[in-house]
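The structure appears right after this line, and notes come after that.
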Amino acid sequence: MTPDAPSDPVAEARARADAALAALRQAQEEAEAAVRLAEEAARASARDTARSAAREPATRTEDLTGPLDAERIEAIRSGYTFDGPALELGALVNGDALPDVPVRIPLGMTNRHGLVAGATGTGKTRTLQLLAEQLSAHGVPVFAPDVKGDLSGVATPGTSSDRLAERTAGIGQRWEAAAFPTEFFSLGGHGRGVPIRATVAGFGPLLLAKVLGLNDTQESSLGLVFHWAELEGLPLLDLQDLRAVLAYLTSDEGKEELEGLGGLSKATAGVILRKLLAFADQGADAFFGEPELDTADLLRTTADGRGVISLLELPGVQDQPRLYSTFLMWLLADLYNDLPEVGDLDKPKLVFFFDEAHLLFADASKEFLASIVQTVRLIRSKGVGVFFVTQTPKDLPSDVLAQLGSRIQHQLRAFTPEDAKALRASVSTYPLSGYDLEEVLTILGTGEAIVTVMNERGAPSPVAWTRLRAPQGSMSPTPDEAVDAAVASSPLLARYGTALDRDSARELLTEKLESARREAEAAAARADAEEELRRQQEAMEEQRERQERRERADYERPAPRSRTSRRRTPRPQAERSPLEEILRSPVTKTILTGVVTGIFGTRRRRR
């Protein structure tokens, strides 16, 4: 616009408004920057105050209401400060919860195994859920048994309440409802979930002997049967296969098969067969078979990078405790056999929770315990972490406890002398702390625990009385219809949903016995034919000999006289002399007869 151009009042007003708006935005940005600086200064002041309190504990003692002084609180704060990612367990309790003293587990140390223990109703399941959710959020797959059914809530967002809000605010948790990717499994189709099956051969004689409760002799014999079946190329897929092999090896046809390997007594085989039948009557037949679970399907993550939580539904665990516990041990052993060595990872490939772990070790043989200890010790190098969940640490053998890096101990009860003894034994295994653990462990509230973990350097962290965080998923079971829908839409259902029945040891042995029967019948028929031929040949030889004897006798016997006529066939007469004619005449014969009779007196005289 030139100086001489007339002014535009609208344009001038618009320009003034734009300038005012720009000035206002600048002022707002300056104000926000000032607020950020003030917040940073406040946080720095709080850190300085905490450090000064740690340096001068005597000046803060009057503010403390719990058993720990400021120096120990600061030691716990430092002991749970990690550089890498970590799972947030909760806040330190020292009379009241201290939100500024978080208690955590380094993510990379979760493959060093752990223990969650506590009496019934103290919050073990919620702790398991809390760990599973955070592992999933960090991209780590999880496998956990859902013994009571309420762990399925991880698949459903939680519900806020005043009580929940008060608890989470008190420990500094910014709680938000969330659901996590979940896959539902069931043992052989018992319950809702994708069926999990294992072959008898894959399960192995050691675990099966534990399930059946066999003694050492019977376990050894069972191992011999498995060995023979493998040598003979007889797949043991289900319990019927194993029963068929045992029946064959004690039959007349198969009892000599194991003579070179030590033999199998009929009494031992009978005991194993009876226990297999009882085991099958409990529904175990549905678990053994094909298709067998590929443990690689437990190591899945979603498109957004979260780990899939695999839950095994166990509605009847109280009826089959040995099957449940040994199945989990088989799964762990199978993971160990299949996964490659990876060493120490920033985060594990899978974390495996072993709920109701006391069932695994009840009445276990030395060989079985040795197998568990070896698996737990070595599976860490495969990138798998194991957390045992049980009531008291004494439920686990000491060799297993020695392998555990993290411990979350809920309340223990000491109502009996045995309980008190177990409590003292548990306390003796903790590092030194500022707590009277023998007392604290009996007064922990629900959702509180004594925690010690392995830090990033592999050393134990300070013992911390911790108020645990609340899970973000529902603390109630996911509705049945939602579980059914999740199972129906699972990509694994097409692979594992239908049981297979291919030819295995039972069918092969049946065919072998049938073939042997046919061969025996053919051999018997051949033998009968050969015997009949022999008899016929003997009869013909005997007939020939009789004929020869008759012919020989006929040749040597004089010709018999004919009894039909005394007359001889007249011979042709030769010419007679005159004297012969006279002597043969009838007159001459009469005269000679009379003379002879008179001489010898052979004729009676007539009177």
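Labels for the structure tokens follow display order: chains A, B, ..., residues from 1 in each chain, ligands from 1.
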
Assign secondary structure with DSSP using the backbone only, and return the residues of region 394-464 of chain A in alpha helix (DSSP H) as a list in words.
Ser398, Asp399, Val400, Leu401, Pro417, Glu418, Asp419, Ala420, Lys421, Ala422, Leu423, Arg424, Ala425, Ser426, Val427, Leu437, Glu438, Glu439, Val440, Leu441, Thr442 and Ile443 of chain A

Grab the residues selected above and save them as a short mmCIF file (atom, residue, chain, number, x, y, z; two decimals), in the first residue's frame with C-alpha atoms.
data_model
loop_
_atom_site.label_atom_id
_atom_site.label_comp_id
_atom_site.auth_asym_id
_atom_site.auth_seq_id
_atom_site.Cartn_x
_atom_site.Cartn_y
_atom_site.Cartn_z
CA SER A 398 16.77 -77.23 48.95
CA ASP A 399 18.58 -77.93 45.66
CA VAL A 400 15.73 -76.20 43.82
CA LEU A 401 15.55 -73.27 46.24
CA PRO A 417 4.84 -76.33 66.02
CA GLU A 418 5.54 -77.56 62.48
CA ASP A 419 4.46 -74.19 61.09
CA ALA A 420 6.70 -72.36 63.55
CA LYS A 421 9.62 -74.54 62.58
CA ALA A 422 8.98 -73.87 58.89
CA LEU A 423 8.76 -70.14 59.62
CA ARG A 424 12.14 -70.10 61.35
CA ALA A 425 13.64 -72.10 58.49
CA SER A 426 12.31 -69.58 55.97
CA VAL A 427 13.65 -66.62 57.95
CA LEU A 437 11.21 -61.32 59.88
CA GLU A 438 9.90 -64.01 62.18
CA GLU A 439 7.32 -61.49 63.35
CA VAL A 440 6.81 -59.52 60.12
CA LEU A 441 6.05 -62.61 58.03
CA THR A 442 3.08 -63.41 60.27
CA ILE A 443 1.54 -59.92 60.21
#

Select from region 156-187 of chain A everything DSSP, run on the backbone, classes as strand (DSSP E or B), then give the selection as a ChimeraX atom specification.
/A:157,182-187

Keeping C-alpha atoms, export the residues of the selection given above as an mmCIF file, in the first residue's frame.
data_model
loop_
_atom_site.group_PDB
_atom_site.id
_atom_site.type_symbol
_atom_site.label_atom_id
_atom_site.label_comp_id
_atom_site.auth_asym_id
_atom_site.auth_seq_id
_atom_site.Cartn_x
_atom_site.Cartn_y
_atom_site.Cartn_z
ATOM 1 C CA PRO A 157 -9.855 -54.971 31.532
ATOM 2 C CA THR A 182 -4.341 -64.481 26.181
ATOM 3 C CA GLU A 183 -4.419 -68.019 24.802
ATOM 4 C CA PHE A 184 -6.519 -70.585 26.678
ATOM 5 C CA PHE A 185 -5.424 -74.236 26.841
ATOM 6 C CA SER A 186 -6.845 -77.353 28.468
ATOM 7 C CA LEU A 187 -5.375 -80.781 29.259
#

Name all residues at most 8 Å from Pro85 (chain A) (count only C-alpha atoms; drop same-chain ones fewer than 2 positions away) and give them as a PyMOL selection string.
chain A and resi 82-83+87+106-108

Using only C-alpha atoms, which protein or nucleic acid residues come within 12 Å of region 253-269 of chain A? Drop anything in the same chain fewer than 6 positions from it, and give the result as an NGL selection string.
:A and (214-229 or 231-232 or 242-247 or 275-276 or 509-510 or 512-514 or 516-517 or 520)

Residue nearest Ala364 (chain A) - candidates A:Leu208, A:Ala119, A:Leu299, A:Ala449, atoms counted: only C-alpha atoms:
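Comparing A:Leu208, A:Ala119, A:Leu299, A:Ala449 against Ala364 (chain A), the winner is A:Leu208.
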
A:Ser504, A:Ser433, A:Pro321, A:Gly114: which is nearest Glu71 (chain A), counting only C-alpha atoms?
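Of all the options, A:Ser433 lies closest to Glu71 (chain A).
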
Name the closest residue to Pro205 (chain A) among the candidates A:Ala486, A:Glu367, A:Tyr248, A:Thr81; distances are taken between atoms, counting only C-alpha atoms.
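Smallest distance to Pro205 (chain A) is found for A:Glu367.
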
Restricting the calculation to only C-alpha atoms, which member of A:Ser251, A:Thr302, A:Ser371, A:Thr498 is positioned closest to Gly289 (chain A)?
A:Thr498

Please report the interatomic distance between CA of Leu412 (chain A) and CA of Gly118 (chain A) in Å with one decimal.
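One can read the CA of Leu412 (chain A) to CA of Gly118 (chain A) distance as 5.7 Å.
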
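Across the model, the gap from CA of Ser160 (chain A) to CA of Ile309 (chain A) is 22.7 Å.
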
With only C-alpha atoms as the basis for distance, which of A:Leu212, A:Asn337, A:Leu237, A:Thr301 is at the shortest distance from His138 (chain A)?
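Closest residue, counting only C-alpha atoms: A:Thr301.
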
So how many Å separate CA of Gln320 (chain A) and CA of Ala286 (chain A), to one decimal?
13.0 Å

With a distance cut-off of 8 Å and only C-alpha atoms, select the neighbouring residues of region 111-113 of chain A, excluding the residue or stretch itself and same-chain residues fewer than 4 positions from it, and output the selection as a PyMOL selection string.
chain A and resi 347-348+351+380+383-387+403-406+454

Calculated over only C-alpha atoms, which of the candidates A:Val463, A:Ala132, A:Leu89, A:Ile73 has the smallest distance to Ile450 (chain A)?
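Closest to Ile450 (chain A) of all the choices is A:Val463.
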
Within 9 Å of Ile196 (chain A), counting only C-alpha atoms, which residues show up once you throw out same-chain ones fewer than 5 positions away? Write them as a ChimeraX atom specification, please.
/A:185-189,287-288,291-293,312,496-497
